[in-house]
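Written below as structure tokens is the structure these notes are about.
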Amino acid sequence: MNVGYPAPVVRSTLRKLVLAGAVVAAVAAGSAGGATSLADPLVGTWKVTRGGSGAFAIAERSGVFALTATKSTNLACVSGAKDFVLGFIDLPSTTALPSGRYNGHLGEGGQGCAFSLALKLAGGTLTATVLSSENDEPGGPFTFVKTSGASYRWSARAGSIAGSGRLSVDAGGKVTAVTGTLAASRWKLALRTPGKLSFGKGGAFSLTLAAKVTSGKCSDPNGVLVLSSGHARLTSVCGKNLAGSGRVALS
């Protein structure tokens with residue numbers, strides 16, 4: 001269940017984030033430029049579309065996801081200029097919430113302006129409902145739209161399916177570019193868009209890509225590749241469906 005935060009805990013967490021410094025550079029390095037580790041889908045830059053104005057970055061820092069303004073930002077009574085720490089979100093590993101749901105907090109508890117939030121992620125949109133408000137300050141609900149994409153490396157060695165390459169996705173998880181090689185049974189295949197990448201809890205993922213046989217006899221060369229944590233599946237290629245378990249990774 002979603003939980004609130006005692007004011008001393010909020011103050012302590014926000015001060016750690018401020019002392020740790022701005023997180024915007026870390027987000028910029030790990031978003032569109034090519035990630036080297038699999039990040040939670042919250043990580044990136046966001047625009048405020050309801051409940052306030054401005055934009056902020058989310059990045060892991062000091063054991064939480066820090067929300068740091070990338071320009072002058074206002075969220076109800078919480079406001080700050082660029083690099084101001086607006087609040088934080090608990091890491092999924094520290095909660096029992098289902099995938100796509102988060103605990104969050106805006107403002108510094110004990111200062112008259114603070115909100116405990118229940119957040120829900122759907123594609124590239126993050127919504128936040130106010131659970132409690134210090135001094136009954138008005139605020140929320142809030143809506144944020146993701147403005148950053150990401151790049152990843154993919155690899156698979158599962159049964160007769162093996163390959164590796166790179167892909168880029170937009171803020172909503174739509175695959176915008178994919179490269180690499182894939183071999184399955186007696187065929188070699190090229191991977192293409194359209195495609196979709198989605199994330200689950202604990203680093204789980206599902207990647208769907210169009211695939212086409214480029215080497216090997218085949219009357220129907222077009223199919224679909226689905227990669228998920230530890231599993232690979234190739235369907236409708238040359239009238240065959242292939243599947244395997246093994247090393248399948250996104251990084």
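To be explicit about the labels: the chains of the structure tokens are called A, B, and onward in the order shown, and within each one the residues are counted from 1, while ligands get numbers from 1 in the order they are shown.
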*Mind checking which residues fall within 8 Å of Val248 of chain A, counting only C-alpha atoms, ignoring those fewer than 4 positions away in the same chain, and posting them as a ChimeraX atom specification?*
/A:154-158,227-232
_Secondary structure check, strand (DSSP E or B) residues of segment 28-189 of chain A, as a PyMOL selection string_ = chain A and resi 44-50+52-53+55-61+64-69+73-75+78-80+85-90+101-108+113-122+125-133+142-146+150-158+161-169+174-184+187-189
_Could you list, as a VMD selection string, every residue within 10 Å of Gly104 of chain A, counting only C-alpha atoms and ignoring same-chain residues fewer than 6 positions away?_
chain A and resid 2 to 5 64 to 67 87 to 91 115 to 119 128 to 131
Please save N, CA and C atoms of the selected residues as a PDB file, in the first residue's frame.
```
ATOM      1  N   ASN A   2       0.331   2.340  -0.461  1.00  0.00           N
ATOM      2  CA  ASN A   2       1.059   3.596  -0.442  1.00  0.00           C
ATOM      3  C   ASN A   2       1.133   4.118   0.976  1.00  0.00           C
ATOM      4  N   VAL A   3       2.254   4.756   1.300  1.00  0.00           N
ATOM      5  CA  VAL A   3       2.454   5.239   2.660  1.00  0.00           C
ATOM      6  C   VAL A   3       2.883   6.693   2.644  1.00  0.00           C
ATOM      7  N   GLY A   4       2.639   7.397   3.757  1.00  0.00           N
ATOM      8  CA  GLY A   4       3.132   8.745   3.929  1.00  0.00           C
ATOM      9  C   GLY A   4       4.492   8.712   4.613  1.00  0.00           C
ATOM     10  N   TYR A   5       5.047   9.876   4.908  1.00  0.00           N
ATOM     11  CA  TYR A   5       6.377   9.953   5.488  1.00  0.00           C
ATOM     12  C   TYR A   5       6.366  10.911   6.661  1.00  0.00           C
ATOM     13  N   VAL A  64      17.007   6.728  -3.305  1.00  0.00           N
ATOM     14  CA  VAL A  64      15.659   7.068  -3.755  1.00  0.00           C
ATOM     15  C   VAL A  64      15.751   7.601  -5.180  1.00  0.00           C
ATOM     16  N   PHE A  65      14.603   7.870  -5.796  1.00  0.00           N
ATOM     17  CA  PHE A  65      14.569   8.614  -7.048  1.00  0.00           C
ATOM     18  C   PHE A  65      14.376  10.089  -6.714  1.00  0.00           C
ATOM     19  N   ALA A  66      15.366  10.903  -7.039  1.00  0.00           N
ATOM     20  CA  ALA A  66      15.274  12.340  -6.775  1.00  0.00           C
ATOM     21  C   ALA A  66      14.558  13.040  -7.923  1.00  0.00           C
ATOM     22  N   LEU A  67      13.701  14.001  -7.577  1.00  0.00           N
ATOM     23  CA  LEU A  67      13.022  14.853  -8.552  1.00  0.00           C
ATOM     24  C   LEU A  67      13.697  16.221  -8.505  1.00  0.00           C
ATOM     25  N   GLY A  87      11.453  16.876  -4.594  1.00  0.00           N
ATOM     26  CA  GLY A  87      10.987  15.785  -3.759  1.00  0.00           C
ATOM     27  C   GLY A  87      11.668  14.492  -4.142  1.00  0.00           C
ATOM     28  N   PHE A  88      11.047  13.382  -3.765  1.00  0.00           N
ATOM     29  CA  PHE A  88      11.653  12.085  -4.063  1.00  0.00           C
ATOM     30  C   PHE A  88      10.572  11.020  -4.182  1.00  0.00           C
ATOM     31  N   ILE A  89      10.960   9.881  -4.781  1.00  0.00           N
ATOM     32  CA  ILE A  89      10.088   8.719  -4.956  1.00  0.00           C
ATOM     33  C   ILE A  89      10.838   7.499  -4.444  1.00  0.00           C
ATOM     34  N   ASP A  90      10.150   6.631  -3.716  1.00  0.00           N
ATOM     35  CA  ASP A  90      10.773   5.410  -3.227  1.00  0.00           C
ATOM     36  C   ASP A  90      11.170   4.498  -4.380  1.00  0.00           C
ATOM     37  N   LEU A  91      12.299   3.802  -4.253  1.00  0.00           N
ATOM     38  CA  LEU A  91      12.669   2.787  -5.225  1.00  0.00           C
ATOM     39  C   LEU A  91      11.681   1.622  -5.141  1.00  0.00           C
ATOM     40  N   PHE A 115       3.626  17.186   0.430  1.00  0.00           N
ATOM     41  CA  PHE A 115       2.575  16.283  -0.025  1.00  0.00           C
ATOM     42  C   PHE A 115       3.104  14.858  -0.096  1.00  0.00           C
ATOM     43  N   SER A 116       2.321  13.902   0.385  1.00  0.00           N
ATOM     44  CA  SER A 116       2.580  12.487   0.143  1.00  0.00           C
ATOM     45  C   SER A 116       1.748  12.071  -1.057  1.00  0.00           C
ATOM     46  N   LEU A 117       2.362  11.306  -1.973  1.00  0.00           N
ATOM     47  CA  LEU A 117       1.737  11.013  -3.256  1.00  0.00           C
ATOM     48  C   LEU A 117       1.643   9.519  -3.526  1.00  0.00           C
ATOM     49  N   ALA A 118       0.601   9.141  -4.251  1.00  0.00           N
ATOM     50  CA  ALA A 118       0.495   7.828  -4.877  1.00  0.00           C
ATOM     51  C   ALA A 118       0.634   8.047  -6.371  1.00  0.00           C
ATOM     52  N   LEU A 119       1.648   7.441  -6.987  1.00  0.00           N
ATOM     53  CA  LEU A 119       1.934   7.670  -8.395  1.00  0.00           C
ATOM     54  C   LEU A 119       1.660   6.420  -9.214  1.00  0.00           C
ATOM     55  N   ALA A 128      -0.110  11.546 -10.422  1.00  0.00           N
ATOM     56  CA  ALA A 128       0.115  11.550  -8.977  1.00  0.00           C
ATOM     57  C   ALA A 128      -1.131  12.054  -8.262  1.00  0.00           C
ATOM     58  N   THR A 129      -1.598  11.271  -7.299  1.00  0.00           N
ATOM     59  CA  THR A 129      -2.726  11.632  -6.457  1.00  0.00           C
ATOM     60  C   THR A 129      -2.222  11.970  -5.062  1.00  0.00           C
ATOM     61  N   VAL A 130      -2.717  13.042  -4.487  1.00  0.00           N
ATOM     62  CA  VAL A 130      -2.291  13.461  -3.153  1.00  0.00           C
ATOM     63  C   VAL A 130      -2.972  12.585  -2.097  1.00  0.00           C
ATOM     64  N   LEU A 131      -2.158  11.933  -1.268  1.00  0.00           N
ATOM     65  CA  LEU A 131      -2.673  11.129  -0.161  1.00  0.00           C
ATOM     66  C   LEU A 131      -2.849  11.963   1.098  1.00  0.00           C
TER      67      LEU A 131
END
```
*So, counting only C-alpha atoms, which residue among A:Phe56, A:Tyr102, A:Phe199, A:Trp46 is closest to Gly80 of chain A?*
A:Phe56
*DSSP on the backbone, then: every residue of segment 1-200 of chain A marked helix (DSSP H, G or I), written as an MDAnalysis selection string.*
chainID A and resid 7:20 24:30 92:94 134:136
*Point out the residue among A:Arg153, A:Arg192, A:Lys146, A:Arg166 with the least atom-to-atom distance to Gly223 of chain A, counting only C-alpha atoms.*
A:Arg192
*Could you name the residues that touch Val145 of chain A at 9 Å or less, counting only C-alpha atoms, but leaving out those on the same chain fewer than 2 positions away, as JSON, numbers by chain?*
{"A": [45, 46, 47, 48, 49, 124, 125, 126, 127, 143, 147, 171]}
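Of the residues listed (A:Cys218, A:Leu225, A:Ala150, A:Leu167), A:Leu225 shows the shortest atom-to-atom separation from Leu182 of chain A; distances use only C-alpha atoms.
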*Can you work out the spacing between atom CA of Gly54 of chain A and atom CA of Ser93 of chain A in Å, to one decimal?*
28.6 Å
_Lys71 of chain A surroundings by only C-alpha atoms, 10 Å radius, close-in-sequence under 3 positions cut, as a PyMOL selection string_ = chain A and resi 53-57+68+74+80-84
Would you export the selected residues with C-alpha atoms as a compact mmCIF listing (two decimals), in the first residue's frame, please?
```txt
# COMPACT_ATOMS: atom_id res chain seq x y z
CA SER A 53 4.17 24.10 -14.51
CA GLY A 54 7.78 23.45 -15.41
CA ALA A 55 9.92 20.35 -15.91
CA PHE A 56 12.15 18.06 -13.86
CA ALA A 57 14.49 15.09 -14.06
CA THR A 68 15.20 17.79 -9.59
CA ASN A 74 5.82 24.97 -9.57
CA GLY A 80 12.03 26.15 -7.18
CA ALA A 81 14.46 27.18 -9.89
CA LYS A 82 16.71 24.89 -11.94
CA ASP A 83 18.55 22.26 -9.82
CA PHE A 84 16.08 22.64 -6.93
```
